[in-house]
>>> print(open('work.txt').read())   # compact mmCIF, C-alpha atoms and all ligand atoms
# COMPACT_ATOMS: atom_id res chain seq x y z
CA MET A 1156 -44.75 -76.42 40.61
CA GLN A 1157 -47.05 -73.49 39.83
CA THR A 1158 -50.54 -73.29 41.26
CA LEU A 1159 -53.41 -71.31 39.78
CA THR A 1160 -56.99 -71.19 41.01
CA VAL A 1161 -60.26 -71.34 39.14
CA ASP A 1162 -62.33 -69.07 41.33
CA LEU A 1163 -65.87 -70.44 41.56
CA GLY A 1164 -66.80 -69.85 45.20
CA ASP A 1165 -67.22 -73.12 47.08
CA ARG A 1166 -66.45 -75.03 43.86
CA SER A 1167 -63.08 -73.32 43.35
CA TYR A 1168 -60.20 -75.64 42.51
CA PRO A 1169 -56.46 -75.56 41.92
CA ILE A 1170 -54.61 -76.13 38.65
CA LEU A 1171 -51.21 -77.62 39.44
CA ILE A 1172 -48.58 -77.28 36.69
CA GLY A 1173 -45.11 -78.76 36.80
CA PRO A 1174 -42.79 -81.66 36.01
CA GLY A 1175 -43.15 -84.97 37.83
CA LEU A 1176 -46.51 -84.20 39.50
CA LEU A 1177 -47.78 -87.75 38.98
CA ARG A 1178 -44.92 -88.93 41.16
CA GLN A 1179 -45.70 -86.33 43.84
CA PRO A 1180 -49.12 -87.35 45.20
CA ASP A 1181 -48.51 -85.35 48.39
CA ALA A 1182 -49.19 -82.26 46.25
CA TRP A 1183 -52.73 -83.35 45.31
CA ARG A 1184 -54.00 -86.46 47.14
CA ALA A 1185 -55.89 -84.29 49.63
CA CYS A 1186 -58.08 -83.04 46.75
CA ILE A 1187 -59.57 -86.54 46.34
CA PRO A 1188 -62.50 -87.00 48.67
CA GLY A 1189 -63.51 -90.52 49.75
CA ARG A 1190 -61.68 -93.79 49.24
CA GLN A 1191 -63.05 -95.10 45.93
CA VAL A 1192 -61.32 -93.95 42.73
CA LEU A 1193 -62.01 -95.06 39.16
CA VAL A 1194 -59.13 -94.20 36.83
CA VAL A 1195 -60.35 -93.74 33.25
CA SER A 1196 -57.70 -93.82 30.54
CA ASN A 1197 -57.20 -95.12 27.02
CA GLU A 1198 -55.14 -97.82 25.37
CA THR A 1199 -52.35 -95.37 24.37
CA VAL A 1200 -51.97 -93.45 27.62
CA ALA A 1201 -52.51 -96.32 30.07
CA PRO A 1202 -49.30 -98.19 29.13
CA LEU A 1203 -47.37 -94.94 29.64
CA TYR A 1204 -48.82 -93.48 32.84
CA LEU A 1205 -51.29 -95.83 34.52
CA GLU A 1206 -48.69 -97.54 36.69
CA ALA A 1207 -47.40 -94.22 38.10
CA THR A 1208 -50.99 -93.11 38.69
CA LEU A 1209 -51.87 -96.30 40.56
CA ARG A 1210 -48.73 -95.95 42.67
CA ALA A 1211 -49.78 -92.42 43.58
CA LEU A 1212 -53.22 -93.70 44.64
CA ALA A 1213 -51.86 -96.55 46.81
CA GLY A 1214 -54.03 -97.24 49.84
CA LEU A 1215 -57.31 -96.29 48.14
CA GLN A 1216 -59.86 -98.64 46.55
CA VAL A 1217 -58.91 -98.15 42.92
CA GLU A 1218 -60.49 -99.57 39.76
CA THR A 1219 -59.45 -98.82 36.20
CA VAL A 1220 -61.16 -98.74 32.84
CA VAL A 1221 -59.17 -98.45 29.62
CA LEU A 1222 -61.17 -97.13 26.65
CA PRO A 1223 -60.30 -97.32 22.95
CA ASP A 1224 -58.28 -94.34 21.72
CA GLY A 1225 -59.76 -91.76 19.40
CA GLU A 1226 -62.27 -88.97 18.87
CA GLN A 1227 -64.55 -91.48 17.09
CA TYR A 1228 -64.96 -93.29 20.44
CA LYS A 1229 -66.13 -90.17 22.28
CA THR A 1230 -69.68 -91.51 22.32
CA LEU A 1231 -72.46 -92.41 24.71
CA ALA A 1232 -72.08 -96.06 23.68
CA VAL A 1233 -68.42 -96.20 24.80
CA LEU A 1234 -69.26 -94.32 28.02
CA GLU A 1235 -71.37 -97.33 29.04
CA GLN A 1236 -68.09 -99.11 29.84
CA VAL A 1237 -67.40 -96.54 32.55
CA PHE A 1238 -70.85 -96.90 34.11
CA ASP A 1239 -70.58 -100.72 33.95
CA ARG A 1240 -67.31 -100.64 35.86
CA LEU A 1241 -68.63 -98.19 38.46
CA LEU A 1242 -71.71 -100.31 39.12
CA ARG A 1243 -69.92 -103.66 39.09
CA ALA A 1244 -67.41 -102.28 41.62
CA ARG A 1245 -70.37 -100.92 43.66
CA PHE A 1246 -68.92 -97.44 43.75
CA ASP A 1247 -71.09 -95.07 45.77
CA ARG A 1248 -71.79 -91.34 45.61
CA GLY A 1249 -68.57 -90.60 47.49
CA CYS A 1250 -66.39 -91.97 44.69
CA THR A 1251 -64.05 -90.00 42.43
CA LEU A 1252 -63.38 -90.47 38.72
CA LEU A 1253 -59.85 -89.63 37.60
CA ALA A 1254 -59.32 -88.80 33.91
CA LEU A 1255 -55.85 -89.82 32.73
CA GLY A 1256 -55.39 -88.74 29.13
CA GLY A 1257 -56.08 -86.02 26.59
CA GLY A 1258 -59.21 -84.01 26.00
CA VAL A 1259 -61.25 -86.96 24.80
CA ILE A 1260 -60.73 -88.90 28.02
CA GLY A 1261 -61.14 -85.73 30.10
CA ASP A 1262 -64.44 -84.76 28.46
CA MET A 1263 -65.83 -88.31 28.68
CA THR A 1264 -64.74 -88.90 32.27
CA GLY A 1265 -66.10 -85.57 33.40
CA PHE A 1266 -69.44 -86.31 31.77
CA ALA A 1267 -69.56 -89.76 33.39
CA ALA A 1268 -68.86 -88.08 36.73
CA ALA A 1269 -71.63 -85.54 36.10
CA CYS A 1270 -74.11 -88.37 35.42
CA TYR A 1271 -73.14 -91.19 37.79
CA GLN A 1272 -75.58 -91.14 40.69
CA ARG A 1273 -76.45 -87.59 39.55
CA GLY A 1274 -72.95 -86.29 40.13
CA VAL A 1275 -69.73 -87.47 41.77
CA SER A 1276 -66.27 -85.92 42.10
CA PHE A 1277 -63.70 -85.94 39.34
CA VAL A 1278 -60.06 -85.12 38.87
CA GLN A 1279 -58.30 -84.14 35.65
CA VAL A 1280 -54.83 -85.46 34.85
CA PRO A 1281 -54.38 -84.01 31.34
CA THR A 1282 -51.56 -85.59 29.31
CA THR A 1283 -51.72 -83.61 26.04
CA LEU A 1284 -50.76 -79.98 25.54
CA LEU A 1285 -54.30 -79.26 24.34
CA ALA A 1286 -55.79 -80.74 27.50
CA GLN A 1287 -53.28 -78.96 29.75
CA VAL A 1288 -53.97 -75.53 28.24
CA ASP A 1289 -57.70 -75.84 27.65
CA SER A 1290 -59.96 -78.86 27.97
CA SER A 1291 -59.07 -79.90 31.54
CA VAL A 1292 -59.98 -76.45 32.88
CA GLY A 1293 -63.49 -75.04 33.10
CA GLY A 1294 -65.81 -78.00 33.52
CA LYS A 1295 -67.15 -78.50 30.01
CA THR A 1296 -67.71 -82.23 29.66
CA GLY A 1297 -69.48 -84.38 27.12
CA VAL A 1298 -69.52 -86.69 24.13
CA ASN A 1299 -70.13 -86.34 20.39
CA HIS A 1300 -73.24 -87.27 18.42
CA ALA A 1301 -73.12 -88.35 14.79
CA LEU A 1302 -74.92 -85.10 13.94
CA GLY A 1303 -72.83 -82.74 16.02
CA LYS A 1304 -69.66 -82.41 18.04
CA ASN A 1305 -69.91 -82.25 21.87
CA MET A 1306 -73.69 -82.05 21.59
CA ILE A 1307 -74.40 -84.26 24.63
CA GLY A 1308 -72.81 -82.90 27.77
CA ALA A 1309 -72.87 -81.09 31.09
CA PHE A 1310 -70.98 -78.47 33.04
CA HIS A 1311 -69.18 -80.29 35.85
CA GLN A 1312 -66.06 -78.86 37.46
CA PRO A 1313 -63.12 -81.03 38.54
CA ARG A 1314 -61.73 -81.00 42.10
CA VAL A 1315 -58.20 -80.43 40.86
CA VAL A 1316 -56.29 -80.28 37.56
CA ILE A 1317 -52.90 -81.99 37.71
CA ALA A 1318 -50.85 -80.96 34.66
CA ASP A 1319 -47.67 -83.02 34.83
CA THR A 1320 -45.57 -81.41 32.10
CA ASP A 1321 -43.28 -84.47 31.90
CA THR A 1322 -46.12 -86.37 30.21
CA LEU A 1323 -45.71 -84.12 27.16
CA ASN A 1324 -42.37 -85.81 26.40
CA THR A 1325 -44.17 -88.79 24.86
CA LEU A 1326 -46.68 -86.73 22.87
CA PRO A 1327 -46.43 -87.07 19.05
CA ASP A 1328 -45.36 -83.85 17.24
CA ARG A 1329 -48.71 -83.56 15.46
CA GLU A 1330 -50.54 -83.58 18.82
CA LEU A 1331 -48.16 -80.96 20.26
CA ALA A 1332 -48.92 -78.70 17.29
CA ALA A 1333 -52.66 -79.23 17.78
CA GLY A 1334 -52.29 -78.00 21.37
CA LEU A 1335 -50.47 -74.89 20.15
CA ALA A 1336 -53.59 -73.91 18.18
CA GLU A 1337 -55.45 -73.41 21.48
CA VAL A 1338 -52.46 -71.56 22.98
CA ILE A 1339 -52.46 -69.15 20.02
CA LYS A 1340 -56.22 -68.75 20.50
CA TYR A 1341 -55.75 -67.04 23.90
CA GLY A 1342 -53.39 -64.50 22.33
CA LEU A 1343 -55.82 -63.78 19.53
CA ILE A 1344 -58.94 -63.35 21.66
CA ARG A 1345 -57.66 -61.27 24.58
CA ASP A 1346 -53.94 -61.30 25.19
CA LEU A 1347 -51.84 -59.53 22.56
CA PRO A 1348 -48.64 -59.54 24.70
CA PHE A 1349 -49.03 -63.34 24.89
CA LEU A 1350 -49.37 -63.51 21.08
CA ASP A 1351 -46.07 -61.59 20.80
CA TRP A 1352 -44.51 -63.98 23.30
CA ILE A 1353 -45.74 -67.05 21.37
CA GLU A 1354 -44.25 -65.67 18.14
CA ALA A 1355 -40.92 -65.14 19.87
CA HIS A 1356 -40.90 -68.55 21.59
CA LEU A 1357 -42.54 -70.78 18.99
CA ASP A 1358 -39.31 -72.58 18.11
CA ALA A 1359 -38.69 -73.28 21.80
CA LEU A 1360 -42.24 -74.58 22.17
CA LEU A 1361 -41.88 -76.86 19.14
CA ALA A 1362 -38.57 -78.09 20.56
CA ARG A 1363 -40.44 -78.82 23.84
CA GLU A 1364 -38.18 -76.65 25.97
CA PRO A 1365 -39.65 -77.27 29.44
CA GLN A 1366 -39.53 -73.65 30.58
CA ALA A 1367 -41.27 -72.37 27.45
CA LEU A 1368 -43.95 -75.07 27.65
CA ALA A 1369 -44.56 -74.42 31.34
CA GLN A 1370 -44.92 -70.69 30.67
CA ALA A 1371 -47.35 -71.27 27.79
CA ILE A 1372 -49.46 -73.63 29.90
CA GLN A 1373 -49.48 -71.29 32.88
CA ARG A 1374 -50.48 -68.21 30.84
CA SER A 1375 -53.14 -70.15 28.89
CA CYS A 1376 -54.64 -71.58 32.08
CA GLN A 1377 -54.60 -68.13 33.70
CA ASP A 1378 -56.44 -66.65 30.71
CA LYS A 1379 -58.99 -69.46 30.78
CA ALA A 1380 -59.41 -69.42 34.57
CA ASP A 1381 -60.09 -65.65 34.49
CA ILE A 1382 -62.85 -66.10 31.91
CA VAL A 1383 -64.42 -69.19 33.50
CA GLY A 1384 -64.38 -67.48 36.91
CA ARG A 1385 -66.52 -64.67 35.46
CA ASP A 1386 -68.78 -66.74 33.17
CA GLU A 1387 -68.84 -70.42 34.11
CA ARG A 1388 -71.95 -71.32 32.08
CA GLU A 1389 -71.11 -69.36 28.95
CA SER A 1390 -73.84 -66.78 29.19
CA GLY A 1391 -71.47 -64.23 27.63
CA GLU A 1392 -67.71 -63.80 27.71
CA ARG A 1393 -66.85 -67.52 27.79
CA ALA A 1394 -68.14 -67.91 24.22
CA LEU A 1395 -65.02 -65.98 23.11
CA LEU A 1396 -63.01 -69.13 23.90
CA ASN A 1397 -64.71 -70.68 20.89
CA LEU A 1398 -62.79 -68.61 18.33
CA GLY A 1399 -62.46 -70.82 15.24
CA HIS A 1400 -64.58 -73.54 16.84
CA THR A 1401 -67.84 -73.06 14.90
CA PHE A 1402 -65.99 -73.54 11.61
CA GLY A 1403 -63.67 -76.08 13.30
CA HIS A 1404 -66.47 -78.27 14.68
CA ALA A 1405 -67.99 -78.33 11.18
CA ILE A 1406 -64.62 -79.55 9.86
CA GLU A 1407 -64.39 -82.26 12.54
CA THR A 1408 -67.95 -83.48 12.06
CA GLY A 1409 -67.92 -83.13 8.26
CA SER A 1410 -64.60 -84.88 7.71
CA GLY A 1411 -65.39 -87.75 10.09
CA TYR A 1412 -64.36 -87.66 13.76
CA GLY A 1413 -60.69 -88.47 14.23
CA ASN A 1414 -59.44 -87.53 10.76
CA TRP A 1415 -58.62 -83.95 11.64
CA LEU A 1416 -57.33 -83.30 15.15
CA HIS A 1417 -59.39 -80.83 17.16
CA GLY A 1418 -56.53 -78.31 17.26
CA GLU A 1419 -55.98 -78.62 13.52
CA ALA A 1420 -59.66 -77.91 12.88
CA VAL A 1421 -59.48 -74.94 15.26
CA ALA A 1422 -56.47 -73.50 13.38
CA ALA A 1423 -58.18 -73.74 9.97
CA GLY A 1424 -61.46 -72.53 11.53
CA THR A 1425 -59.69 -69.55 13.08
CA MET A 1426 -58.33 -68.51 9.69
CA MET A 1427 -61.90 -68.66 8.36
CA ALA A 1428 -63.15 -66.49 11.25
CA LEU A 1429 -60.33 -64.03 10.53
CA ASP A 1430 -61.18 -63.98 6.82
CA LEU A 1431 -64.74 -63.02 7.76
CA SER A 1432 -63.49 -60.39 10.21
CA ALA A 1433 -61.39 -58.92 7.40
CA ARG A 1434 -64.45 -58.81 5.12
CA LEU A 1435 -66.21 -56.82 7.85
CA GLY A 1436 -63.32 -54.36 7.75
CA TRP A 1437 -62.01 -55.26 11.21
CA LEU A 1438 -58.69 -56.81 10.20
CA GLY A 1439 -56.17 -55.90 7.50
CA ALA A 1440 -54.17 -58.12 5.18
CA ALA A 1441 -51.05 -57.68 7.31
CA GLU A 1442 -52.83 -59.02 10.41
CA LEU A 1443 -54.25 -61.96 8.48
CA GLY A 1444 -50.79 -62.72 7.13
CA ARG A 1445 -49.27 -62.48 10.61
CA VAL A 1446 -51.63 -65.09 12.04
CA GLN A 1447 -51.38 -67.36 9.01
CA ARG A 1448 -47.57 -67.34 9.29
CA LEU A 1449 -47.77 -68.26 12.97
CA PHE A 1450 -50.08 -71.23 12.32
CA GLU A 1451 -47.88 -72.35 9.43
CA ARG A 1452 -44.74 -72.14 11.56
CA ALA A 1453 -46.58 -74.27 14.13
CA ARG A 1454 -47.23 -76.80 11.33
CA LEU A 1455 -50.98 -76.30 11.49
CA PRO A 1456 -53.44 -76.19 8.57
CA VAL A 1457 -54.79 -72.79 7.55
CA ALA A 1458 -57.61 -73.95 5.24
CA PRO A 1459 -60.34 -76.61 5.58
CA PRO A 1460 -60.08 -80.05 3.96
CA ALA A 1461 -60.74 -80.27 0.23
CA GLY A 1462 -63.92 -82.37 0.47
CA LEU A 1463 -66.02 -79.81 2.39
CA GLY A 1464 -67.99 -77.22 0.43
CA ALA A 1465 -69.71 -74.00 1.47
CA ASP A 1466 -73.13 -75.69 1.73
CA ASP A 1467 -71.69 -78.45 3.92
CA PHE A 1468 -70.38 -75.78 6.28
CA LEU A 1469 -73.70 -73.95 6.44
CA ASN A 1470 -75.57 -77.17 7.27
CA LEU A 1471 -73.06 -78.29 9.88
CA MET A 1472 -72.74 -74.87 11.49
CA ALA A 1473 -76.50 -74.63 12.00
CA VAL A 1474 -76.15 -77.39 14.66
CA ASP A 1475 -73.51 -75.43 16.62
CA LYS A 1476 -74.29 -74.82 20.30
CA LYS A 1477 -73.89 -71.08 19.81
CA ALA A 1478 -76.62 -71.05 17.14
CA SER A 1479 -79.67 -69.29 18.49
CA GLU A 1480 -83.15 -69.11 16.94
CA GLY A 1481 -81.75 -70.31 13.62
CA ARG A 1482 -78.98 -67.69 13.51
CA ILE A 1483 -75.35 -68.68 13.46
CA ARG A 1484 -73.38 -66.83 16.14
CA LEU A 1485 -69.69 -66.48 15.39
CA VAL A 1486 -66.64 -65.40 17.34
CA LEU A 1487 -64.86 -62.77 15.26
CA LEU A 1488 -61.96 -60.38 15.83
CA GLU A 1489 -62.41 -56.62 15.93
CA GLY A 1490 -58.61 -56.42 15.79
CA LEU A 1491 -56.01 -58.89 17.08
CA GLY A 1492 -56.51 -59.49 20.81
CA ASN A 1493 -60.12 -58.27 20.73
CA ALA A 1494 -62.68 -61.03 20.14
CA VAL A 1495 -66.44 -60.42 19.91
CA VAL A 1496 -69.47 -62.69 19.45
CA ARG A 1497 -71.75 -61.63 16.61
CA GLY A 1498 -75.09 -63.07 15.52
CA ASP A 1499 -75.75 -60.50 12.81
CA THR A 1500 -73.07 -61.30 10.24
CA PRO A 1501 -74.49 -60.54 6.77
CA PRO A 1502 -75.14 -63.94 5.13
CA ALA A 1503 -73.49 -62.75 1.90
CA LEU A 1504 -70.22 -62.10 3.73
CA LEU A 1505 -70.28 -65.51 5.42
CA ARG A 1506 -70.96 -67.06 2.03
CA ALA A 1507 -68.04 -65.12 0.54
CA THR A 1508 -65.71 -66.42 3.26
CA LEU A 1509 -66.87 -69.99 2.73
CA ASP A 1510 -66.52 -69.71 -1.06
CA ALA A 1511 -63.03 -68.25 -0.69
CA CYS A 1512 -61.81 -70.75 1.92
CA CYS A 1513 -63.36 -73.97 0.56
CA ARG A 1514 -61.31 -75.40 -2.24
P1 LIG B 1 -57.00 -86.74 22.49
O1 LIG B 1 -57.57 -86.84 23.82
O2 LIG B 1 -57.57 -87.56 21.40
O3 LIG B 1 -55.45 -87.03 22.58
C1 LIG B 1 -54.66 -86.96 21.43
C2 LIG B 1 -53.87 -88.26 21.19
O4 LIG B 1 -52.73 -88.25 22.03
C3 LIG B 1 -54.61 -89.54 21.50
O5 LIG B 1 -54.23 -90.53 20.59
C4 LIG B 1 -54.11 -89.88 22.91
O6 LIG B 1 -54.22 -91.24 23.20
C5 LIG B 1 -52.68 -89.45 22.79
N1 LIG B 1 -52.02 -89.10 24.03
C6 LIG B 1 -52.56 -88.44 25.08
N2 LIG B 1 -51.59 -88.16 25.96
C7 LIG B 1 -50.45 -88.66 25.48
C8 LIG B 1 -49.12 -88.67 25.94
N3 LIG B 1 -48.74 -88.04 27.05
N4 LIG B 1 -48.18 -89.33 25.20
C9 LIG B 1 -48.53 -89.93 24.03
N5 LIG B 1 -49.76 -89.92 23.53
C10 LIG B 1 -50.72 -89.28 24.25
O7 LIG B 1 -57.04 -85.23 21.94
P2 LIG B 1 -56.78 -83.81 22.64
O8 LIG B 1 -56.23 -82.97 21.60
O9 LIG B 1 -56.08 -83.94 23.93
O10 LIG B 1 -58.26 -83.33 23.01
C11 LIG B 1 -59.20 -83.11 21.99
C12 LIG B 1 -60.58 -83.25 22.60
O11 LIG B 1 -60.74 -82.26 23.60
C13 LIG B 1 -61.69 -83.06 21.61
O12 LIG B 1 -62.66 -84.06 21.80
C14 LIG B 1 -62.25 -81.70 21.97
O13 LIG B 1 -63.61 -81.57 21.67
C15 LIG B 1 -62.00 -81.64 23.43
N6 LIG B 1 -61.91 -80.27 23.97
C16 LIG B 1 -62.66 -79.99 25.06
C17 LIG B 1 -62.57 -78.76 25.63
C18 LIG B 1 -63.32 -78.46 26.89
O14 LIG B 1 -63.37 -77.31 27.30
N7 LIG B 1 -63.89 -79.45 27.55
C19 LIG B 1 -61.73 -77.78 25.08
C20 LIG B 1 -60.98 -78.10 23.96
C21 LIG B 1 -61.08 -79.37 23.40
N1 LIG B 2 -62.98 -74.62 25.08
C1 LIG B 2 -64.00 -73.65 25.25
C2 LIG B 2 -64.47 -73.51 26.65
O1 LIG B 2 -64.00 -74.19 27.54
O2 LIG B 2 -65.34 -72.73 26.92
>>> encode(input="work.txt", output="structure tokens")
Amino acid sequence: MQTLTVDLGDRSYPILIGPGLLRQPDAWRACIPGRQVLVVSNETVAPLYLEATLRALAGLQVETVVLPDGEQYKTLAVLEQVFDRLLRARFDRGCTLLALGGGVIGDMTGFAAACYQRGVSFVQVPTTLLAQVDSSVGGKTGVNHALGKNMIGAFHQPRVVIADTDTLNTLPDRELAAGLAEVIKYGLIRDLPFLDWIEAHLDALLAREPQALAQAIQRSCQDKADIVGRDERESGERALLNLGHTFGHAIETGSGYGNWLHGEAVAAGTMMALDLSARLGWLGAAELGRVQRLFERARLPVAPPAGLGADDFLNLMAVDKKASEGRIRLVLLEGLGNAVVRGDTPPALLRATLDACCR
């Protein structure tokens, strides 16, 4: 087991990474305060891992709620089921919510924990690669709105992140690839040696070689923990983690939640951000080609879906959380491994990128 720390003063917490962690509660039970635990999962993950989770929590007062599976259920309406269960079970302010699932369950559970009785503890047990390398770390929680992705939410840090790498054995190939999009993101924004490493180990990652996966998760979490430790509330540097996300969120919202996976939208969105960076003269054709080849090898899309046009993108991107005073702020690359946030992109260049990328 490897242990990293997200350093946030008295709200610091460990990220535990390793095989079989769900069956080793001694490694993490002490991170759960109180005796009441609500396990939140979904109808896909619960049959796989709920029993092991309940065994690990033996001796505590444990309730469970199993939500429908899918990004389209990441809504306030579905979250009501969590609050109903908490209130019916008379859980008090000392309770803990445990998220057992991918990023959808993690984001929803964390938001429920932020809201219930104005804030209770929560624990992340991420079971997708995407959740283990990104969404379970850093305390961004929330739900979607029909008009915008992740638009209702709160910052609320977990007490511990338990990344049991054995859970990735049951993950569909398409979901594994979606997680790799966020792994590649860390290389692109700040960690060129990691990008080289990903290129060299991509086949091992796709073949789910445990050592390669563990290394990718550890390095991704370290990159994210460093950034979150310096900028928890995204007043600056943390926005760099959103490379490809402004275009990607527009793809997810515009194509209907659940049709494109988050990681797939991030991959196509990243290629759009790189196209724009190239138009600004910051990247060359060779660098663009290098990144496109890596996404393609990872079986990820490199262009948005056919039905979305340039005007759709402009409308959807105006709702992005990084938009400020009507201006779209974008994460761009001033060279591979060097991300910047810019709010002054010439509209004509953005339009040119959208026209070129939208089919
Ligand atoms: P997801 O939660 O929908 O999980 C993907 C699919 O895999 C689902 O069908 C799920 O039931 C299934 N699944 C989960 N674990 C499994 C396992 N071990 N075996 C078999 N099937 C399994 O999607 P995701 O990619 O994990 O997360 C995407 C979500 O995360 C999006 O809503 C995105 O907005 C959010 N996100 C949040 C942050 C953050 O910082 N909070 C960062 C990135 C993404
Ligand atoms: N996934 C972006 C962030 O956590 O800030």
>>> atom_distance(input="work.txt", atom1="CA of Met1426 (chain A)", atom2="atom O3 of ligand LIG 1 (chain B)")
22.7 Å
>>> residues_near_ligand(input="work.txt", ligand="ligand LIG 1 (chain B)", cutoff="6 Å", atoms="only C-alpha atoms and all ligand atoms", output="PyMOL selection string")
chain A and resi 1199-1200+1224-1226+1256-1260+1262+1282-1283+1285-1286+1289-1290+1295-1296+1322-1323+1325-1326+1330+1417
>>> closest_residue(input="work.txt", among="A:Leu1171, A:Ala1420, A:Leu1302, A:Val1288", to="Arg1374 (chain A)", atoms="all atoms listed in the file")
A:Val1288
>>> closest_residue(input="work.txt", among="A:Ala1441, A:Leu1396, A:Leu1471, A:Leu1159", to="ligand LIG 2 (chain B)", atoms="only C-alpha atoms and all ligand atoms")
A:Leu1396
>>> closest_atom_pairs(input="work.txt", of="chain A", to="ligand LIG 2 (chain B)", cutoff="8 Å", atoms="only C-alpha atoms and all ligand atoms", output="tab-separated table")
residue	atom	partner	partner_atom	distance
A:Asp1289	CA	B:LIG2	N1	6.0
A:Ser1290	CA	B:LIG2	N1	6.0
A:Val1292	CA	B:LIG2	O1	7.1
A:Gly1293	CA	B:LIG2	O1	5.6
A:Gly1294	CA	B:LIG2	O1	7.3
A:Lys1295	CA	B:LIG2	O1	5.9
A:Lys1379	CA	B:LIG2	O1	7.6
A:Val1383	CA	B:LIG2	O2	7.5
A:Glu1389	CA	B:LIG2	O2	7.0
A:Arg1393	CA	B:LIG2	O2	5.5
A:Ala1394	CA	B:LIG2	O2	6.2
A:Leu1395	CA	B:LIG2	O2	7.8
A:Leu1396	CA	B:LIG2	C1	4.8
A:Asn1397	CA	B:LIG2	C1	5.3
>>> write_last_selection(input="work.txt", atoms="C-alpha atoms", output="CSV table (one decimal), keeping the file's coordinate frame")
chain,number,residue,atom,x,y,z
A,1289,ASP,CA,-57.7,-75.8,27.6
A,1290,SER,CA,-60.0,-78.9,28.0
A,1292,VAL,CA,-60.0,-76.4,32.9
A,1293,GLY,CA,-63.5,-75.0,33.1
A,1294,GLY,CA,-65.8,-78.0,33.5
A,1295,LYS,CA,-67.2,-78.5,30.0
A,1379,LYS,CA,-59.0,-69.5,30.8
A,1383,VAL,CA,-64.4,-69.2,33.5
A,1389,GLU,CA,-71.1,-69.4,29.0
A,1393,ARG,CA,-66.8,-67.5,27.8
A,1394,ALA,CA,-68.1,-67.9,24.2
A,1395,LEU,CA,-65.0,-66.0,23.1
A,1396,LEU,CA,-63.0,-69.1,23.9
A,1397,ASN,CA,-64.7,-70.7,20.9
>>> closest_residue(input="work.txt", among="A:Ala1405, A:Met1472, A:Ala1465, A:Ala1422", to="Arg1514 (chain A)", atoms="all atoms listed in the file")
A:Ala1465
>>> atom_distance(input="work.txt", atom1="CA of Ala1503 (chain A)", atom2="CA of Gly1436 (chain A)")
14.4 Å
>>> atom_distance(input="work.txt", atom1="CA of Gly1411 (chain A)", atom2="CA of Gln1227 (chain A)")
8.0 Å
>>> residues_around(input="work.txt", residues="Phe1266 (chain A)", least_positions_apart="5", cutoff="8 Å", atoms="all atoms listed in the file", output="list in words")
Thr1296, Gly1297, Val1298, Gly1308, Ala1309 and His1311 of chain A
>>> residues_around(input="work.txt", residues="Gly1490 (chain A)", least_positions_apart="5", cutoff="10 Å", atoms="only C-alpha atoms", output="list in words")
Leu1343, Ile1344, Leu1429, Ser1432, Ala1433, Gly1436, Trp1437, Leu1438, Gly1439, Glu1442 and Val1495 of chain A
>>> write_last_selection(input="work.txt", atoms="C-alpha atoms", output="PDB file, keeping the file's coordinate frame")
ATOM      1  CA  LEU A1343     -55.820 -63.780  19.530  1.00  0.00           C
ATOM      2  CA  ILE A1344     -58.940 -63.350  21.660  1.00  0.00           C
ATOM      3  CA  LEU A1429     -60.330 -64.030  10.530  1.00  0.00           C
ATOM      4  CA  SER A1432     -63.490 -60.390  10.210  1.00  0.00           C
ATOM      5  CA  ALA A1433     -61.390 -58.920   7.400  1.00  0.00           C
ATOM      6  CA  GLY A1436     -63.320 -54.360   7.750  1.00  0.00           C
ATOM      7  CA  TRP A1437     -62.010 -55.260  11.210  1.00  0.00           C
ATOM      8  CA  LEU A1438     -58.690 -56.810  10.200  1.00  0.00           C
ATOM      9  CA  GLY A1439     -56.170 -55.900   7.500  1.00  0.00           C
ATOM     10  CA  GLU A1442     -52.830 -59.020  10.410  1.00  0.00           C
ATOM     11  CA  VAL A1495     -66.440 -60.420  19.910  1.00  0.00           C
TER      12      VAL A1495
END
>>> decode(input="work.txt", residues="region 1318-1331 of chain A", atoms="C-alpha atoms", output="CSV table (one decimal), in the first residue's frame")
chain,number,residue,atom,x,y,z
A,1318,ALA,CA,-8.2,3.4,-3.8
A,1319,ASP,CA,-8.4,-0.3,-3.9
A,1320,THR,CA,-6.7,-1.1,-7.2
A,1321,ASP,CA,-8.3,-4.6,-7.3
A,1322,THR,CA,-11.6,-3.0,-8.0
A,1323,LEU,CA,-10.3,-1.9,-11.5
A,1324,ASN,CA,-10.3,-5.6,-12.6
A,1325,THR,CA,-14.1,-5.4,-13.2
A,1326,LEU,CA,-14.0,-2.0,-15.0
A,1327,PRO,CA,-15.2,-2.1,-18.6
A,1328,ASP,CA,-12.4,-1.3,-21.2
A,1329,ARG,CA,-14.2,1.9,-22.3
A,1330,GLU,CA,-14.2,3.2,-18.6
A,1331,LEU,CA,-10.5,2.4,-18.2
